[in-house]
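All remarks here apply to the structure that follows.
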Amino acid sequence: MSYCVRLIHREDIAQVTEIDREAFPTMLPPTNYQRELKSPLVHYIVAYDDQKMVDGALVEAASRRPVPRNKVAPPGRQYIVTFAGLWIMAGEAHIINIAVRQSYRRKGIGELLLISLIDLAIKLNSLLITLEVRASNTAALSLYRKYGFVETRLRRGYYSDNREDAVVMTVEDIGSAAFQENLNRLKQAHSRKWSIALYQIAP
Ligand SMILES: CC(C)(COP(=O)(O)OP(=O)(O)OC[C@H]1O[C@@H](n2cnc3c(N)ncnc32)[C@H](O)[C@@H]1OP(=O)(O)O)[C@@H](O)C(=O)NCCC(=O)NCCS
């Protein structure tokens, strides 16, 4: 299996909403991605499984004969497995959300998206990245810590569904040589583990 990261397209909204509902079922009201994408401050990316189409057609074909590497499904039929959003203002990037389809978790995809978000934040001249995460979300906390995010404060009762605390995490100086060096080391380890050759965000 391999995954391609690209900027979100309007055709992805239905699948992104589906992943959002699966990942954040208690968030009310649900995020309106039609509206969200209109903001010039917001940047969303997705990754799709290049062996599968929305209707499953490519999967069946692939089981009989391999899909040629240069032949991918057109946007709108690509099977989106993850999405993430970044909000950028005044040199600061804020990770709005990151979610992977349940059946695709623990395959390095969340990490692939986080690497892509960090690359995007650097490209857009951000100096630091912040985010909020539920205090009980051990998977996400571990992912962010791995990439150097540190817990800077606690927002008590931040989440309205169960009054859970939010942990605010930040990574500073993302343009620094030290951060870049660590990021490259993590990318190389991720690339070796998951056989990913290229880290880039397609349009
Ligand atoms: C958090 C999430 C995005 C991780 O995605 P994923 O594709 O499963 O994660 P990966 O396979 O890329 O794992 C990368 C790292 O994340 C951490 N991690 C992921 N799942 C974990 C788990 N179940 N328990 C502990 N650590 C976990 C580990 O540090 C892991 O690194 P390792 O492989 O070296 O141990 C995914 O669990 C998800 O979509 N959760 C629901 C939505 C959500 O909570 N988003 C975060 C909002 S702030």
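If you're wondering about the labels, chains in the structure tokens are A, B, ... by order shown, residues count from 1 in each chain, ligands from 1 in order shown.
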
Listing only residues of chain A within 10 Å of ligand 1, what is the closest atom pair and its distance in Å (to one decimal) for each, using only C-alpha atoms and all ligand atoms, sorted by chain and residue number ascending, as a Markdown table?
| residue | atom | partner | partner_atom_place_in_ligand_line | distance |
| --- | --- | --- | --- | --- |
| A:Ile19 | CA | ligand 1 | 39 (O) | 8.5 |
| A:Asp20 | CA | ligand 1 | 42 (C) | 7.9 |
| A:Arg21 | CA | ligand 1 | 42 (C) | 9.7 |
| A:Glu22 | CA | ligand 1 | 41 (C) | 8.1 |
| A:Ala23 | CA | ligand 1 | 41 (C) | 4.6 |
| A:Phe24 | CA | ligand 1 | 42 (C) | 6.4 |
| A:Pro25 | CA | ligand 1 | 42 (C) | 9.8 |
| A:Val81 | CA | ligand 1 | 7 (O) | 9.5 |
| A:Thr82 | CA | ligand 1 | 39 (O) | 7.6 |
| A:Phe83 | CA | ligand 1 | 39 (O) | 8.9 |
| A:Ala84 | CA | ligand 1 | 3 (C) | 8.9 |
| A:Ile95 | CA | ligand 1 | 48 (S) | 7.9 |
| A:Ile96 | CA | ligand 1 | 48 (S) | 7.7 |
| A:Asn97 | CA | ligand 1 | 47 (C) | 5.3 |
| A:Ile98 | CA | ligand 1 | 45 (N) | 4.9 |
| A:Ala99 | CA | ligand 1 | 39 (O) | 3.5 |
| A:Val100 | CA | ligand 1 | 39 (O) | 3.8 |
| A:Arg101 | CA | ligand 1 | 39 (O) | 6.3 |
| A:Gln102 | CA | ligand 1 | 39 (O) | 6.8 |
| A:Ser103 | CA | ligand 1 | 8 (O) | 9.1 |
| A:Tyr104 | CA | ligand 1 | 7 (O) | 6.6 |
| A:Arg105 | CA | ligand 1 | 8 (O) | 3.4 |
| A:Arg106 | CA | ligand 1 | 11 (O) | 3.1 |
| A:Lys107 | CA | ligand 1 | 11 (O) | 4.2 |
| A:Gly108 | CA | ligand 1 | 12 (O) | 3.2 |
| A:Ile109 | CA | ligand 1 | 7 (O) | 4.0 |
| A:Gly110 | CA | ligand 1 | 7 (O) | 3.4 |
| A:Glu111 | CA | ligand 1 | 12 (O) | 3.7 |
| A:Leu112 | CA | ligand 1 | 12 (O) | 6.4 |
| A:Leu113 | CA | ligand 1 | 12 (O) | 8.0 |
| A:Leu114 | CA | ligand 1 | 12 (O) | 8.3 |
| A:Ile115 | CA | ligand 1 | 12 (O) | 9.8 |
| A:Leu131 | CA | ligand 1 | 48 (S) | 7.1 |
| A:Glu132 | CA | ligand 1 | 48 (S) | 6.1 |
| A:Val133 | CA | ligand 1 | 48 (S) | 4.3 |
| A:Arg134 | CA | ligand 1 | 48 (S) | 6.8 |
| A:Ala135 | CA | ligand 1 | 48 (S) | 9.7 |
| A:Ser136 | CA | ligand 1 | 44 (O) | 9.5 |
| A:Asn137 | CA | ligand 1 | 44 (O) | 6.2 |
| A:Thr138 | CA | ligand 1 | 25 (C) | 5.7 |
| A:Ala139 | CA | ligand 1 | 27 (C) | 3.6 |
| A:Ala140 | CA | ligand 1 | 1 (C) | 3.9 |
| A:Leu141 | CA | ligand 1 | 17 (C) | 7.3 |
| A:Ser142 | CA | ligand 1 | 29 (O) | 4.2 |
| A:Leu143 | CA | ligand 1 | 16 (O) | 3.6 |
| A:Tyr144 | CA | ligand 1 | 16 (O) | 7.4 |
| A:Arg145 | CA | ligand 1 | 29 (O) | 7.5 |
| A:Lys146 | CA | ligand 1 | 29 (O) | 5.9 |
| A:Tyr147 | CA | ligand 1 | 29 (O) | 8.9 |
| A:Ala166 | CA | ligand 1 | 48 (S) | 9.4 |
| A:Val167 | CA | ligand 1 | 48 (S) | 9.4 |
| A:Val168 | CA | ligand 1 | 48 (S) | 9.9 |
| A:Met169 | CA | ligand 1 | 48 (S) | 9.9 |
| A:Leu186 | CA | ligand 1 | 34 (O) | 9.5 |
| A:Ala189 | CA | ligand 1 | 34 (O) | 9.1 |
| A:His190 | CA | ligand 1 | 34 (O) | 8.3 |
| A:Lys193 | CA | ligand 1 | 33 (O) | 9.1 |
| A:Trp194 | CA | ligand 1 | 11 (O) | 9.7 |

Filtering to C-alpha atoms, could you give me those residues as a PDB file, in the first residue's frame?
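Written out: again34.pdb:
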ATOM      1  CA  ILE A  19     -13.428  10.675   8.714  1.00  0.00           C
ATOM      2  CA  ASP A  20     -14.072  13.647  11.005  1.00  0.00           C
ATOM      3  CA  ARG A  21     -17.308  12.062  12.308  1.00  0.00           C
ATOM      4  CA  GLU A  22     -15.568   8.751  12.915  1.00  0.00           C
ATOM      5  CA  ALA A  23     -12.615  10.369  14.715  1.00  0.00           C
ATOM      6  CA  PHE A  24     -14.478  13.050  16.672  1.00  0.00           C
ATOM      7  CA  PRO A  25     -18.012  11.652  17.201  1.00  0.00           C
ATOM      8  CA  VAL A  81      -7.593   7.883   4.453  1.00  0.00           C
ATOM      9  CA  THR A  82      -6.566  10.915   6.475  1.00  0.00           C
ATOM     10  CA  PHE A  83      -6.812  14.676   6.622  1.00  0.00           C
ATOM     11  CA  ALA A  84      -5.277  17.462   8.662  1.00  0.00           C
ATOM     12  CA  ILE A  95      -2.806  22.427  14.006  1.00  0.00           C
ATOM     13  CA  ILE A  96      -6.608  22.445  13.853  1.00  0.00           C
ATOM     14  CA  ASN A  97      -7.013  18.701  13.562  1.00  0.00           C
ATOM     15  CA  ILE A  98      -5.481  15.516  12.259  1.00  0.00           C
ATOM     16  CA  ALA A  99      -7.406  12.267  11.830  1.00  0.00           C
ATOM     17  CA  VAL A 100      -6.799   8.895  10.231  1.00  0.00           C
ATOM     18  CA  ARG A 101      -9.544   6.426   9.272  1.00  0.00           C
ATOM     19  CA  GLN A 102      -9.821   3.837  12.039  1.00  0.00           C
ATOM     20  CA  SER A 103      -8.954   0.912   9.759  1.00  0.00           C
ATOM     21  CA  TYR A 104      -5.774   2.708   8.575  1.00  0.00           C
ATOM     22  CA  ARG A 105      -4.342   3.602  11.984  1.00  0.00           C
ATOM     23  CA  ARG A 106      -0.933   2.452  13.257  1.00  0.00           C
ATOM     24  CA  LYS A 107       0.501   2.312   9.743  1.00  0.00           C
ATOM     25  CA  GLY A 108       2.564   5.488   9.936  1.00  0.00           C
ATOM     26  CA  ILE A 109      -0.093   7.628   8.226  1.00  0.00           C
ATOM     27  CA  GLY A 110      -0.713  10.040  11.108  1.00  0.00           C
ATOM     28  CA  GLU A 111       3.026  10.582  11.269  1.00  0.00           C
ATOM     29  CA  LEU A 112       3.179  11.136   7.493  1.00  0.00           C
ATOM     30  CA  LEU A 113       0.537  13.855   7.824  1.00  0.00           C
ATOM     31  CA  LEU A 114       2.262  15.485  10.790  1.00  0.00           C
ATOM     32  CA  ILE A 115       5.548  15.603   8.837  1.00  0.00           C
ATOM     33  CA  LEU A 131      -2.145  22.705  19.066  1.00  0.00           C
ATOM     34  CA  GLU A 132      -4.633  21.501  21.674  1.00  0.00           C
ATOM     35  CA  VAL A 133      -5.182  17.860  22.447  1.00  0.00           C
ATOM     36  CA  ARG A 134      -7.448  16.039  24.893  1.00  0.00           C
ATOM     37  CA  ALA A 135      -5.569  15.080  28.042  1.00  0.00           C
ATOM     38  CA  SER A 136      -6.717  11.445  27.596  1.00  0.00           C
ATOM     39  CA  ASN A 137      -5.604  11.170  23.942  1.00  0.00           C
ATOM     40  CA  THR A 138      -2.470   9.122  24.526  1.00  0.00           C
ATOM     41  CA  ALA A 139      -1.996   8.241  20.831  1.00  0.00           C
ATOM     42  CA  ALA A 140      -1.950  11.881  19.723  1.00  0.00           C
ATOM     43  CA  LEU A 141       0.125  13.034  22.716  1.00  0.00           C
ATOM     44  CA  SER A 142       2.734  10.411  21.891  1.00  0.00           C
ATOM     45  CA  LEU A 143       2.796  11.390  18.201  1.00  0.00           C
ATOM     46  CA  TYR A 144       3.293  15.086  19.008  1.00  0.00           C
ATOM     47  CA  ARG A 145       5.933  14.434  21.679  1.00  0.00           C
ATOM     48  CA  LYS A 146       7.864  12.325  19.190  1.00  0.00           C
ATOM     49  CA  TYR A 147       8.160  15.436  16.972  1.00  0.00           C
ATOM     50  CA  ALA A 166      -6.992  20.333  26.771  1.00  0.00           C
ATOM     51  CA  VAL A 167      -3.227  20.104  26.789  1.00  0.00           C
ATOM     52  CA  VAL A 168      -1.660  22.951  24.817  1.00  0.00           C
ATOM     53  CA  MET A 169       1.480  21.787  23.031  1.00  0.00           C
ATOM     54  CA  LEU A 186      12.693  11.290  12.117  1.00  0.00           C
ATOM     55  CA  ALA A 189      13.413   6.562  10.260  1.00  0.00           C
ATOM     56  CA  HIS A 190       9.787   6.879   9.073  1.00  0.00           C
ATOM     57  CA  LYS A 193       9.993   1.799   8.412  1.00  0.00           C
ATOM     58  CA  TRP A 194       7.145   2.470   5.965  1.00  0.00           C
TER      59      TRP A 194
END

List every residue of segment 13-190 of chain A that DSSP, applied to the backbone of this structure, places in alpha helix (DSSP H), and write the result as an NGL selection string. :A and (13-23 or 33-36 or 57-64 or 109-123 or 138-146 or 177-190)

Those residues you just picked out, can you put them in a file as a tab-separated table (two decimals), in the first residue's frame with C-alpha atoms?
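Output saved as out-v4.tsv:
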chain	number	residue	atom	x	y	z
A	13	ILE	CA	-15.32	17.23	1.57
A	14	ALA	CA	-17.75	14.29	1.88
A	15	GLN	CA	-14.96	11.82	2.74
A	16	VAL	CA	-13.22	14.27	5.07
A	17	THR	CA	-16.53	14.82	6.89
A	18	GLU	CA	-16.93	11.04	7.20
A	19	ILE	CA	-13.43	10.68	8.71
A	20	ASP	CA	-14.07	13.65	11.00
A	21	ARG	CA	-17.31	12.06	12.31
A	22	GLU	CA	-15.57	8.75	12.92
A	23	ALA	CA	-12.61	10.37	14.72
A	33	TYR	CA	-15.75	21.90	5.89
A	34	GLN	CA	-17.52	23.79	3.10
A	35	ARG	CA	-17.28	26.90	5.26
A	36	GLU	CA	-13.89	26.05	6.75
A	57	ALA	CA	-13.35	-0.72	-7.90
A	58	LEU	CA	-9.58	-0.46	-7.96
A	59	VAL	CA	-9.21	-2.84	-4.99
A	60	GLU	CA	-10.92	-5.68	-6.86
A	61	ALA	CA	-8.91	-4.98	-9.98
A	62	ALA	CA	-5.72	-4.79	-7.93
A	63	SER	CA	-6.29	-8.23	-6.46
A	64	ARG	CA	-6.23	-9.71	-9.99
A	109	ILE	CA	-0.09	7.63	8.23
A	110	GLY	CA	-0.71	10.04	11.11
A	111	GLU	CA	3.03	10.58	11.27
A	112	LEU	CA	3.18	11.14	7.49
A	113	LEU	CA	0.54	13.86	7.82
A	114	LEU	CA	2.26	15.48	10.79
A	115	ILE	CA	5.55	15.60	8.84
A	116	SER	CA	3.66	17.18	5.92
A	117	LEU	CA	2.01	19.76	8.21
A	118	ILE	CA	5.39	20.70	9.69
A	119	ASP	CA	6.89	21.02	6.19
A	120	LEU	CA	3.93	23.19	5.17
A	121	ALA	CA	4.25	25.41	8.25
A	122	ILE	CA	7.96	25.95	7.49
A	123	LYS	CA	7.19	26.70	3.83
A	138	THR	CA	-2.47	9.12	24.53
A	139	ALA	CA	-2.00	8.24	20.83
A	140	ALA	CA	-1.95	11.88	19.72
A	141	LEU	CA	0.13	13.03	22.72
A	142	SER	CA	2.73	10.41	21.89
A	143	LEU	CA	2.80	11.39	18.20
A	144	TYR	CA	3.29	15.09	19.01
A	145	ARG	CA	5.93	14.43	21.68
A	146	LYS	CA	7.86	12.32	19.19
A	177	ALA	CA	19.08	24.00	12.19
A	178	ALA	CA	18.56	21.89	15.32
A	179	PHE	CA	14.86	21.37	14.60
A	180	GLN	CA	15.54	20.59	10.92
A	181	GLU	CA	18.21	18.07	11.85
A	182	ASN	CA	15.87	16.23	14.20
A	183	LEU	CA	13.04	16.38	11.65
A	184	ASN	CA	15.28	14.87	8.96
A	185	ARG	CA	16.34	12.09	11.33
A	186	LEU	CA	12.69	11.29	12.12
A	187	LYS	CA	11.77	11.42	8.42
A	188	GLN	CA	14.54	8.99	7.55
A	189	ALA	CA	13.41	6.56	10.26
A	190	HIS	CA	9.79	6.88	9.07

Quick one: distance from atom CA of Gly148 of chain A to atom CA of Cys4 of chain A in Å, one decimal?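 Atom CA of Gly148 of chain A sits 24.6 Å away from atom CA of Cys4 of chain A.
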
Can you tell me, as JSON, numbers by chain, which residues in chain A count as strand (DSSP E) by DSSP? {"A": [3, 4, 5, 6, 7, 42, 43, 44, 45, 46, 47, 48, 49, 50, 51, 52, 53, 78, 79, 80, 81, 82, 83, 84, 85, 86, 87, 88, 89, 92, 93, 94, 95, 96, 97, 98, 99, 100, 128, 129, 130, 131, 132, 133, 134, 150, 151, 152, 153, 154, 155, 166, 167, 168, 169, 170, 171]}

Could you give me, as a ChimeraX atom specification, the residues within 7 Å of Ala93 of chain A, counting only C-alpha atoms and dropping anything in the same chain fewer than 6 positions from it? /A:86-87,121,126,128-130

Find the residues around Ala73 of chain A up to 7 Å (only C-alpha atoms counted), leave out those fewer than 4 positions away in its own chain, and share them as a PyMOL selection string. chain A and resi 53+77-78

Give me a file of those residues, with N, CA and C atoms, as a PDB file, in the first residue's frame.
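out_33.pdb, written as the output of this step:
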ATOM      1  N   MET A  53     -10.212   2.929  -4.818  1.00  0.00           N
ATOM      2  CA  MET A  53     -11.069   4.053  -5.178  1.00  0.00           C
ATOM      3  C   MET A  53     -12.259   4.092  -4.231  1.00  0.00           C
ATOM      4  N   ARG A  77     -12.532  10.400  -6.873  1.00  0.00           N
ATOM      5  CA  ARG A  77     -12.686   8.944  -6.735  1.00  0.00           C
ATOM      6  C   ARG A  77     -11.576   8.355  -5.867  1.00  0.00           C
ATOM      7  N   GLN A  78     -10.592   9.189  -5.513  1.00  0.00           N
ATOM      8  CA  GLN A  78      -9.493   8.716  -4.665  1.00  0.00           C
ATOM      9  C   GLN A  78     -10.023   8.438  -3.255  1.00  0.00           C
TER      10      GLN A  78
END
